[in-house]
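Asker: One file is attached below, model_5.pdb, containing PDB, C-alpha atoms and all ligand atoms.
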```
ATOM      1  CA  MET A 565      32.887  47.476 -67.405  1.00  0.00           C
ATOM      2  CA  ALA A 566      33.514  43.918 -66.390  1.00  0.00           C
ATOM      3  CA  GLU A 567      34.884  43.400 -62.900  1.00  0.00           C
ATOM      4  CA  VAL A 568      36.923  40.410 -64.093  1.00  0.00           C
ATOM      5  CA  ASP A 569      38.403  40.216 -67.587  1.00  0.00           C
ATOM      6  CA  ARG A 570      40.608  37.154 -67.156  1.00  0.00           C
ATOM      7  CA  VAL A 571      41.008  34.261 -64.724  1.00  0.00           C
ATOM      8  CA  GLY A 572      44.018  32.114 -63.854  1.00  0.00           C
ATOM      9  CA  LEU A 573      44.367  28.771 -62.120  1.00  0.00           C
ATOM     10  CA  GLY A 574      47.171  27.632 -59.815  1.00  0.00           C
ATOM     11  CA  TYR A 575      48.039  24.341 -58.149  1.00  0.00           C
ATOM     12  CA  ASP A 576      50.966  23.108 -56.065  1.00  0.00           C
ATOM     13  CA  LEU A 577      51.999  20.274 -53.773  1.00  0.00           C
ATOM     14  CA  HIS A 578      54.970  19.953 -51.411  1.00  0.00           C
ATOM     15  CA  ARG A 579      56.160  17.115 -49.214  1.00  0.00           C
ATOM     16  CA  LEU A 580      56.255  17.477 -45.427  1.00  0.00           C
ATOM     17  CA  ALA A 581      59.355  16.759 -43.361  1.00  0.00           C
ATOM     18  CA  ALA A 582      60.310  17.079 -39.716  1.00  0.00           C
ATOM     19  CA  GLY A 583      62.406  20.066 -38.705  1.00  0.00           C
ATOM     20  CA  ARG A 584      61.230  22.450 -41.443  1.00  0.00           C
ATOM     21  CA  ARG A 585      59.379  25.705 -40.733  1.00  0.00           C
ATOM     22  CA  LEU A 586      55.727  25.525 -41.745  1.00  0.00           C
ATOM     23  CA  VAL A 587      54.646  28.657 -43.636  1.00  0.00           C
ATOM     24  CA  LEU A 588      51.249  28.664 -45.333  1.00  0.00           C
ATOM     25  CA  ALA A 589      49.876  31.675 -47.215  1.00  0.00           C
ATOM     26  CA  GLY A 590      52.663  33.740 -45.698  1.00  0.00           C
ATOM     27  CA  VAL A 591      51.672  32.850 -42.129  1.00  0.00           C
ATOM     28  CA  ALA A 592      54.098  30.961 -39.873  1.00  0.00           C
ATOM     29  CA  ILE A 593      52.420  28.025 -38.135  1.00  0.00           C
ATOM     30  CA  ASP A 594      53.843  26.381 -35.038  1.00  0.00           C
ATOM     31  CA  TRP A 595      54.047  22.725 -36.063  1.00  0.00           C
ATOM     32  CA  PRO A 596      56.752  20.040 -35.821  1.00  0.00           C
ATOM     33  CA  GLU A 597      56.845  19.513 -39.597  1.00  0.00           C
ATOM     34  CA  GLY A 598      57.178  21.885 -42.522  1.00  0.00           C
ATOM     35  CA  LEU A 599      57.106  21.784 -46.296  1.00  0.00           C
ATOM     36  CA  VAL A 600      60.186  20.787 -48.281  1.00  0.00           C
ATOM     37  CA  GLY A 601      61.369  22.840 -51.244  1.00  0.00           C
ATOM     38  CA  HIS A 602      64.007  25.068 -52.748  1.00  0.00           C
ATOM     39  CA  SER A 603      62.255  28.181 -51.391  1.00  0.00           C
ATOM     40  CA  ASP A 604      60.275  28.309 -48.151  1.00  0.00           C
ATOM     41  CA  ALA A 605      57.919  25.872 -49.962  1.00  0.00           C
ATOM     42  CA  ASP A 606      54.782  27.868 -49.140  1.00  0.00           C
ATOM     43  CA  VAL A 607      52.426  25.700 -51.154  1.00  0.00           C
ATOM     44  CA  ALA A 608      49.511  28.150 -50.911  1.00  0.00           C
ATOM     45  CA  LEU A 609      51.469  31.150 -52.174  1.00  0.00           C
ATOM     46  CA  HIS A 610      52.986  29.042 -54.966  1.00  0.00           C
ATOM     47  CA  ALA A 611      49.500  28.117 -56.186  1.00  0.00           C
ATOM     48  CA  LEU A 612      48.494  31.782 -55.877  1.00  0.00           C
ATOM     49  CA  ILE A 613      51.539  32.978 -57.858  1.00  0.00           C
ATOM     50  CA  ASP A 614      50.729  30.548 -60.670  1.00  0.00           C
ATOM     51  CA  ALA A 615      47.127  31.786 -60.708  1.00  0.00           C
ATOM     52  CA  VAL A 616      48.257  35.441 -60.935  1.00  0.00           C
ATOM     53  CA  LEU A 617      50.801  34.695 -63.663  1.00  0.00           C
ATOM     54  CA  GLY A 618      48.342  32.461 -65.481  1.00  0.00           C
ATOM     55  CA  ALA A 619      45.592  35.077 -65.519  1.00  0.00           C
ATOM     56  CA  ALA A 620      48.042  37.671 -66.837  1.00  0.00           C
ATOM     57  CA  GLY A 621      49.351  35.288 -69.520  1.00  0.00           C
ATOM     58  CA  LEU A 622      52.840  35.468 -68.002  1.00  0.00           C
ATOM     59  CA  GLY A 623      53.733  31.775 -67.859  1.00  0.00           C
ATOM     60  CA  ASP A 624      54.367  30.050 -64.539  1.00  0.00           C
ATOM     61  CA  ILE A 625      56.307  30.262 -61.304  1.00  0.00           C
ATOM     62  CA  GLY A 626      59.132  28.067 -62.611  1.00  0.00           C
ATOM     63  CA  GLU A 627      59.770  30.462 -65.490  1.00  0.00           C
ATOM     64  CA  ALA A 628      59.447  33.607 -63.381  1.00  0.00           C
ATOM     65  CA  PHE A 629      61.529  32.368 -60.424  1.00  0.00           C
ATOM     66  CA  PRO A 630      63.644  29.382 -61.569  1.00  0.00           C
ATOM     67  CA  ASP A 631      64.687  26.959 -58.826  1.00  0.00           C
ATOM     68  CA  THR A 632      68.027  26.612 -60.634  1.00  0.00           C
ATOM     69  CA  ASP A 633      68.691  30.262 -59.706  1.00  0.00           C
ATOM     70  CA  PRO A 634      70.446  30.524 -56.302  1.00  0.00           C
ATOM     71  CA  THR A 635      68.600  33.837 -55.788  1.00  0.00           C
ATOM     72  CA  TYR A 636      65.522  31.795 -54.922  1.00  0.00           C
ATOM     73  CA  LYS A 637      67.164  29.375 -52.477  1.00  0.00           C
ATOM     74  CA  ASP A 638      65.093  29.614 -49.262  1.00  0.00           C
ATOM     75  CA  ALA A 639      63.250  32.515 -50.907  1.00  0.00           C
ATOM     76  CA  ASP A 640      60.407  34.220 -49.050  1.00  0.00           C
ATOM     77  CA  SER A 641      57.399  33.268 -51.163  1.00  0.00           C
ATOM     78  CA  GLY A 642      55.680  36.416 -49.895  1.00  0.00           C
ATOM     79  CA  GLU A 643      58.273  38.471 -51.736  1.00  0.00           C
ATOM     80  CA  LEU A 644      57.767  36.346 -54.871  1.00  0.00           C
ATOM     81  CA  THR A 645      54.013  36.932 -54.591  1.00  0.00           C
ATOM     82  CA  ARG A 646      54.573  40.698 -54.484  1.00  0.00           C
ATOM     83  CA  GLN A 647      56.802  40.401 -57.545  1.00  0.00           C
ATOM     84  CA  ALA A 648      54.192  38.349 -59.431  1.00  0.00           C
ATOM     85  CA  ALA A 649      51.515  40.964 -58.638  1.00  0.00           C
ATOM     86  CA  ASP A 650      53.937  43.671 -59.839  1.00  0.00           C
ATOM     87  CA  MET A 651      54.545  41.758 -63.069  1.00  0.00           C
ATOM     88  CA  ALA A 652      50.787  41.549 -63.649  1.00  0.00           C
ATOM     89  CA  ALA A 653      50.388  45.272 -62.867  1.00  0.00           C
ATOM     90  CA  HIS A 654      53.138  46.153 -65.362  1.00  0.00           C
ATOM     91  CA  ALA A 655      51.276  44.085 -67.946  1.00  0.00           C
ATOM     92  CA  GLY A 656      48.158  46.196 -67.267  1.00  0.00           C
ATOM     93  CA  TRP A 657      46.217  44.080 -64.774  1.00  0.00           C
ATOM     94  CA  ARG A 658      44.903  44.508 -61.258  1.00  0.00           C
ATOM     95  CA  VAL A 659      43.760  41.669 -59.010  1.00  0.00           C
ATOM     96  CA  ALA A 660      39.969  41.655 -58.703  1.00  0.00           C
ATOM     97  CA  ASN A 661      39.805  38.601 -56.459  1.00  0.00           C
ATOM     98  CA  ALA A 662      41.739  35.560 -55.280  1.00  0.00           C
ATOM     99  CA  ASP A 663      40.278  32.365 -53.862  1.00  0.00           C
ATOM    100  CA  LEU A 664      42.408  29.559 -52.408  1.00  0.00           C
ATOM    101  CA  THR A 665      41.834  26.049 -51.103  1.00  0.00           C
ATOM    102  CA  ILE A 666      44.576  24.587 -48.924  1.00  0.00           C
ATOM    103  CA  ARG A 667      44.569  20.807 -48.580  1.00  0.00           C
ATOM    104  CA  ALA A 668      46.165  19.706 -45.309  1.00  0.00           C
ATOM    105  CA  GLU A 669      45.270  16.841 -42.995  1.00  0.00           C
ATOM    106  CA  ARG A 670      46.853  18.490 -39.937  1.00  0.00           C
ATOM    107  CA  PRO A 671      47.111  20.922 -38.232  1.00  0.00           C
ATOM    108  CA  LYS A 672      43.633  22.435 -38.189  1.00  0.00           C
ATOM    109  CA  LEU A 673      43.955  25.620 -40.238  1.00  0.00           C
ATOM    110  CA  SER A 674      40.717  27.425 -39.356  1.00  0.00           C
ATOM    111  CA  PRO A 675      42.424  29.540 -36.628  1.00  0.00           C
ATOM    112  CA  TYR A 676      44.831  30.882 -39.282  1.00  0.00           C
ATOM    113  CA  LYS A 677      42.452  31.612 -42.146  1.00  0.00           C
ATOM    114  CA  GLN A 678      41.822  35.274 -41.328  1.00  0.00           C
ATOM    115  CA  ALA A 679      45.538  35.980 -40.919  1.00  0.00           C
ATOM    116  CA  MET A 680      46.183  34.235 -44.256  1.00  0.00           C
ATOM    117  CA  ARG A 681      43.510  36.315 -45.938  1.00  0.00           C
ATOM    118  CA  ASP A 682      44.954  39.561 -44.549  1.00  0.00           C
ATOM    119  CA  ARG A 683      48.492  38.548 -45.510  1.00  0.00           C
ATOM    120  CA  ILE A 684      47.532  37.618 -49.079  1.00  0.00           C
ATOM    121  CA  ALA A 685      45.607  40.881 -49.489  1.00  0.00           C
ATOM    122  CA  ASP A 686      48.673  42.808 -48.354  1.00  0.00           C
ATOM    123  CA  LEU A 687      50.959  40.883 -50.737  1.00  0.00           C
ATOM    124  CA  LEU A 688      48.598  41.455 -53.680  1.00  0.00           C
ATOM    125  CA  GLY A 689      47.930  45.088 -52.727  1.00  0.00           C
ATOM    126  CA  VAL A 690      44.148  44.637 -52.497  1.00  0.00           C
ATOM    127  CA  GLU A 691      41.475  44.841 -49.787  1.00  0.00           C
ATOM    128  CA  PRO A 692      40.999  41.644 -47.705  1.00  0.00           C
ATOM    129  CA  GLU A 693      37.403  41.461 -49.030  1.00  0.00           C
ATOM    130  CA  ARG A 694      38.900  40.495 -52.404  1.00  0.00           C
ATOM    131  CA  VAL A 695      40.609  37.427 -50.927  1.00  0.00           C
ATOM    132  CA  ASN A 696      39.146  34.151 -49.688  1.00  0.00           C
ATOM    133  CA  VAL A 697      40.969  31.238 -48.036  1.00  0.00           C
ATOM    134  CA  LYS A 698      39.484  27.800 -47.519  1.00  0.00           C
ATOM    135  CA  ALA A 699      41.022  24.783 -45.794  1.00  0.00           C
ATOM    136  CA  LYS A 700      40.138  21.123 -46.347  1.00  0.00           C
ATOM    137  CA  THR A 701      41.403  17.745 -45.281  1.00  0.00           C
ATOM    138  CA  ASP A 702      41.613  14.880 -47.766  1.00  0.00           C
ATOM    139  CA  GLU A 703      39.617  12.621 -45.429  1.00  0.00           C
ATOM    140  CA  GLY A 704      42.662  10.463 -44.699  1.00  0.00           C
ATOM    141  CA  THR A 705      43.161   9.431 -48.331  1.00  0.00           C
ATOM    142  CA  GLY A 706      46.194   9.753 -50.588  1.00  0.00           C
ATOM    143  CA  PRO A 707      49.447  11.646 -49.928  1.00  0.00           C
ATOM    144  CA  VAL A 708      47.686  14.625 -48.317  1.00  0.00           C
ATOM    145  CA  GLY A 709      45.485  12.443 -46.149  1.00  0.00           C
ATOM    146  CA  SER A 710      48.436  10.394 -44.902  1.00  0.00           C
ATOM    147  CA  GLY A 711      50.330  13.534 -43.916  1.00  0.00           C
ATOM    148  CA  GLU A 712      53.022  12.988 -46.557  1.00  0.00           C
ATOM    149  CA  ALA A 713      52.242  16.265 -48.329  1.00  0.00           C
ATOM    150  CA  MET A 714      50.135  19.416 -48.434  1.00  0.00           C
ATOM    151  CA  ALA A 715      48.590  20.828 -51.595  1.00  0.00           C
ATOM    152  CA  ALA A 716      46.849  24.029 -52.611  1.00  0.00           C
ATOM    153  CA  MET A 717      44.684  25.351 -55.415  1.00  0.00           C
ATOM    154  CA  ALA A 718      44.073  28.985 -56.294  1.00  0.00           C
ATOM    155  CA  ILE A 719      42.034  30.968 -58.747  1.00  0.00           C
ATOM    156  CA  VAL A 720      42.596  34.641 -59.479  1.00  0.00           C
ATOM    157  CA  GLY A 721      40.446  37.120 -61.391  1.00  0.00           C
ATOM    158  CA  LEU A 722      42.171  40.068 -63.051  1.00  0.00           C
ATOM    159  CA  ALA A 723      40.634  43.295 -64.294  1.00  0.00           C
ATOM    160  CA  LYS A 724      42.241  45.329 -67.070  1.00  0.00           C
ATOM    161  CA  LEU A 725      43.692  48.615 -65.824  1.00  0.00           C
ATOM    162  CA  ARG A 726      42.033  51.244 -67.988  1.00  0.00           C
ATOM    163  CA  PRO A 727      43.432  54.752 -68.375  1.00  0.00           C
TER     164      PRO A 727
HETATM  165 MG    MG A 801      55.999  24.983 -55.010  1.00  0.00          MG
END
```
With the file now loaded, output its structure as structure tokens.
Ligand code: MG
Answerer:
Amino acid sequence: MAEVDRVGLGYDLHRLAAGRRLVLAGVAIDWPEGLVGHSDADVALHALIDAVLGAAGLGDIGEAFPDTDPTYKDADSGELTRQAADMAAHAGWRVANADLTIRAERPKLSPYKQAMRDRIADLLGVEPERVNVKAKTDEGTGPVGSGEAMAAMAIVGLAKLRP
């Protein structure tokens, strides 16, 4: 029996602005700027949600949780992640693993990586060993490197739930 039957890819980018809460992978980070968006703009969880939905063949985050729907104004992306994992489970899939790369020039994210991993595991309903979080800078180049934005990439492996 294969451990992973399908994989899905996710990507997201949000702008930074002063006076917003910074929440990355469901972990609040004390920082003078935060990400701008209709929801809490958690760029890492948005990439993860797209990877889960993509692996399950369930479209994308914009279809599942439309930003035209006032329900999702200032939405907790952690709750949306739980819902995406539930959607995949109802379609017959369990998360085998999730791997994320967060692209942020500042602040240094290494002190938060374990908390992010634990939080994502809880949201997906899997053991932390199935989750990996990486953080990178963009070496001062482009919109991430200048501090204009943060971005994230995620890949998720799903295994078919077999009776
Ligand atoms: Mg987003």
Asker: Please tabulate, as JSON lines, the residues of chain A that come within 10 Å of ligand MG 801 (chain A), each with its closest pair of atoms and the distance in Å to one decimal, counting all atoms listed in the file and ordering rows by chain, then residue number upward.
Answerer:
```
{"residue": "A:Tyr575", "atom": "CA", "partner": "A:MG801", "partner_atom": "MG", "distance": 8.6}
{"residue": "A:Asp576", "atom": "CA", "partner": "A:MG801", "partner_atom": "MG", "distance": 5.5}
{"residue": "A:Leu577", "atom": "CA", "partner": "A:MG801", "partner_atom": "MG", "distance": 6.3}
{"residue": "A:His578", "atom": "CA", "partner": "A:MG801", "partner_atom": "MG", "distance": 6.3}
{"residue": "A:Arg579", "atom": "CA", "partner": "A:MG801", "partner_atom": "MG", "distance": 9.8}
{"residue": "A:Leu599", "atom": "CA", "partner": "A:MG801", "partner_atom": "MG", "distance": 9.3}
{"residue": "A:Val600", "atom": "CA", "partner": "A:MG801", "partner_atom": "MG", "distance": 9.0}
{"residue": "A:Gly601", "atom": "CA", "partner": "A:MG801", "partner_atom": "MG", "distance": 6.9}
{"residue": "A:His602", "atom": "CA", "partner": "A:MG801", "partner_atom": "MG", "distance": 8.3}
{"residue": "A:Ser603", "atom": "CA", "partner": "A:MG801", "partner_atom": "MG", "distance": 7.9}
{"residue": "A:Asp604", "atom": "CA", "partner": "A:MG801", "partner_atom": "MG", "distance": 8.7}
{"residue": "A:Ala605", "atom": "CA", "partner": "A:MG801", "partner_atom": "MG", "distance": 5.5}
{"residue": "A:Asp606", "atom": "CA", "partner": "A:MG801", "partner_atom": "MG", "distance": 6.7}
{"residue": "A:Val607", "atom": "CA", "partner": "A:MG801", "partner_atom": "MG", "distance": 5.3}
{"residue": "A:Ala608", "atom": "CA", "partner": "A:MG801", "partner_atom": "MG", "distance": 8.3}
{"residue": "A:Leu609", "atom": "CA", "partner": "A:MG801", "partner_atom": "MG", "distance": 8.2}
{"residue": "A:His610", "atom": "CA", "partner": "A:MG801", "partner_atom": "MG", "distance": 5.1}
{"residue": "A:Ala611", "atom": "CA", "partner": "A:MG801", "partner_atom": "MG", "distance": 7.3}
{"residue": "A:Ile613", "atom": "CA", "partner": "A:MG801", "partner_atom": "MG", "distance": 9.6}
{"residue": "A:Asp614", "atom": "CA", "partner": "A:MG801", "partner_atom": "MG", "distance": 9.5}
{"residue": "A:Ile625", "atom": "CA", "partner": "A:MG801", "partner_atom": "MG", "distance": 8.2}
{"residue": "A:Gly626", "atom": "CA", "partner": "A:MG801", "partner_atom": "MG", "distance": 8.8}
{"residue": "A:Asp631", "atom": "CA", "partner": "A:MG801", "partner_atom": "MG", "distance": 9.7}
{"residue": "A:Ser641", "atom": "CA", "partner": "A:MG801", "partner_atom": "MG", "distance": 9.2}
{"residue": "A:Ala715", "atom": "CA", "partner": "A:MG801", "partner_atom": "MG", "distance": 9.2}
{"residue": "A:Ala716", "atom": "CA", "partner": "A:MG801", "partner_atom": "MG", "distance": 9.5}
```
Asker: Starting from the displayed file, determine the output of the PyMOL selection byres (((chain A and resi 597) around 10) and not hetatm) and express the residue list as a list in words.
Answerer: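 Checked against the file, the PyMOL selection byres (((chain A and resi 597) around 10) and not hetatm) matches Arg579, Leu580, Ala581, Ala582, Gly583, Arg584, Arg585, Leu586, Ile593, Asp594, Trp595, Pro596, Gly598, Leu599, Val600, Pro671 and Gly711 of chain A.
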Asker: Enter the distance from CA of Leu573 (chain A) to CA of Leu612 (chain A), in Å, rounded to one decimal.
Answerer: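 Spanning CA of Leu573 (chain A) to CA of Leu612 (chain A) is a straight-line distance of 8.1 Å.
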Asker: Apply the PyMOL selection byres (((chain A and resi 643) around 12) and not hetatm) to the displayed file and report the matching residues as an NGL selection string.
Answerer: :A and (589-590 or 603-604 or 606 or 609-610 or 613 or 629 or 636 or 638-642 or 644-650 or 683-684 or 686-688)
Asker: Go ahead and write the residues just picked, C-alpha atoms, as a compact mmCIF listing (two decimals), keeping the file's coordinate frame.
Answerer:
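Saved result, out_37.txt, follows:
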```
# COMPACT_ATOMS: atom_id res chain seq x y z
CA ALA A 589 49.88 31.68 -47.22
CA GLY A 590 52.66 33.74 -45.70
CA SER A 603 62.26 28.18 -51.39
CA ASP A 604 60.28 28.31 -48.15
CA ASP A 606 54.78 27.87 -49.14
CA LEU A 609 51.47 31.15 -52.17
CA HIS A 610 52.99 29.04 -54.97
CA ILE A 613 51.54 32.98 -57.86
CA PHE A 629 61.53 32.37 -60.42
CA TYR A 636 65.52 31.80 -54.92
CA ASP A 638 65.09 29.61 -49.26
CA ALA A 639 63.25 32.52 -50.91
CA ASP A 640 60.41 34.22 -49.05
CA SER A 641 57.40 33.27 -51.16
CA GLY A 642 55.68 36.42 -49.90
CA LEU A 644 57.77 36.35 -54.87
CA THR A 645 54.01 36.93 -54.59
CA ARG A 646 54.57 40.70 -54.48
CA GLN A 647 56.80 40.40 -57.54
CA ALA A 648 54.19 38.35 -59.43
CA ALA A 649 51.52 40.96 -58.64
CA ASP A 650 53.94 43.67 -59.84
CA ARG A 683 48.49 38.55 -45.51
CA ILE A 684 47.53 37.62 -49.08
CA ASP A 686 48.67 42.81 -48.35
CA LEU A 687 50.96 40.88 -50.74
CA LEU A 688 48.60 41.46 -53.68
```
Asker: Report the distance between CA of Val616 (chain A) and CA of Gly574 (chain A) in Å, rounded to one decimal place.
Answerer: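 Taking CA of Val616 (chain A) and CA of Gly574 (chain A), their separation equals 8.0 Å.
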Asker: Could you list the residues chosen by the PyMOL selection byres (((chain A and resi 664) around 8) and not hetatm) in this structure as an MDAnalysis selection string?
Answerer: chainID A and resid 608 612 662:663 665:666 696:698 716:719
Asker: Report, as lines of an AutoDock Vina configuration file, the axis-aligned box around all atoms of region 709-719 of chain A present in the file, extended by 3 Å on each side; give centre and edge lengths in Å to one decimal place.
Answerer:
```
center_x = 47.5
center_y = 20.7
center_z = -51.3
size_x = 17.0
size_y = 26.6
size_z = 20.8
```
Asker: Just checking: using only C-alpha atoms, which residue out of A:Ala628, A:Val571, A:Met680, A:Val720 ends up closest to Ala592 (chain A)?
Answerer: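 Under the stated criterion, the closest residue is A:Met680.
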Asker: Excluding Ala660 (chain A) and any residue of its chain fewer than 5 positions from it, enumerate the residues within 6 Å of it, using all atoms listed in the file, and give them as a list of chain:residue names.
Answerer: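 The residues that qualify are A:Gly721, A:Leu722, A:Ala723.
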Asker: What does the structure give for the distance between CA of Ala713 (chain A) and CA of Ala699 (chain A), in Å to one decimal?
Answerer: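 Rounded to one decimal, the two atoms are 14.3 Å apart.
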Asker: Would you mind telling me which residue in A:Pro675, A:Pro630, A:Gly656, A:Gly572 lies nearest to Arg726 (chain A) when using all atoms listed in the file?
Answerer: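 Smallest separation from Arg726 (chain A) among the options: A:Gly656.
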Asker: Pick out the residues sitting within 6 Å of region 668-670 of chain A, and hand them over as a PyMOL selection string; count all atoms listed in the file, and ignore anything fewer than 5 positions along from it in its own chain.
Answerer: chain A and resi 701+709+714
Asker: Which is closest to Asn661 (chain A) among A:Gly621, A:Gly706, A:Gly689, A:Pro634, if we use only C-alpha atoms?
Answerer: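 Closest candidate: A:Gly689.
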Asker: For each of A:Lys700, A:His654, A:Arg570, A:Arg694, take the minimum atom-to-atom distance to Leu673 (chain A), counting only C-alpha atoms, then give the residue where this is smallest.
Answerer: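 Closest candidate: A:Lys700.
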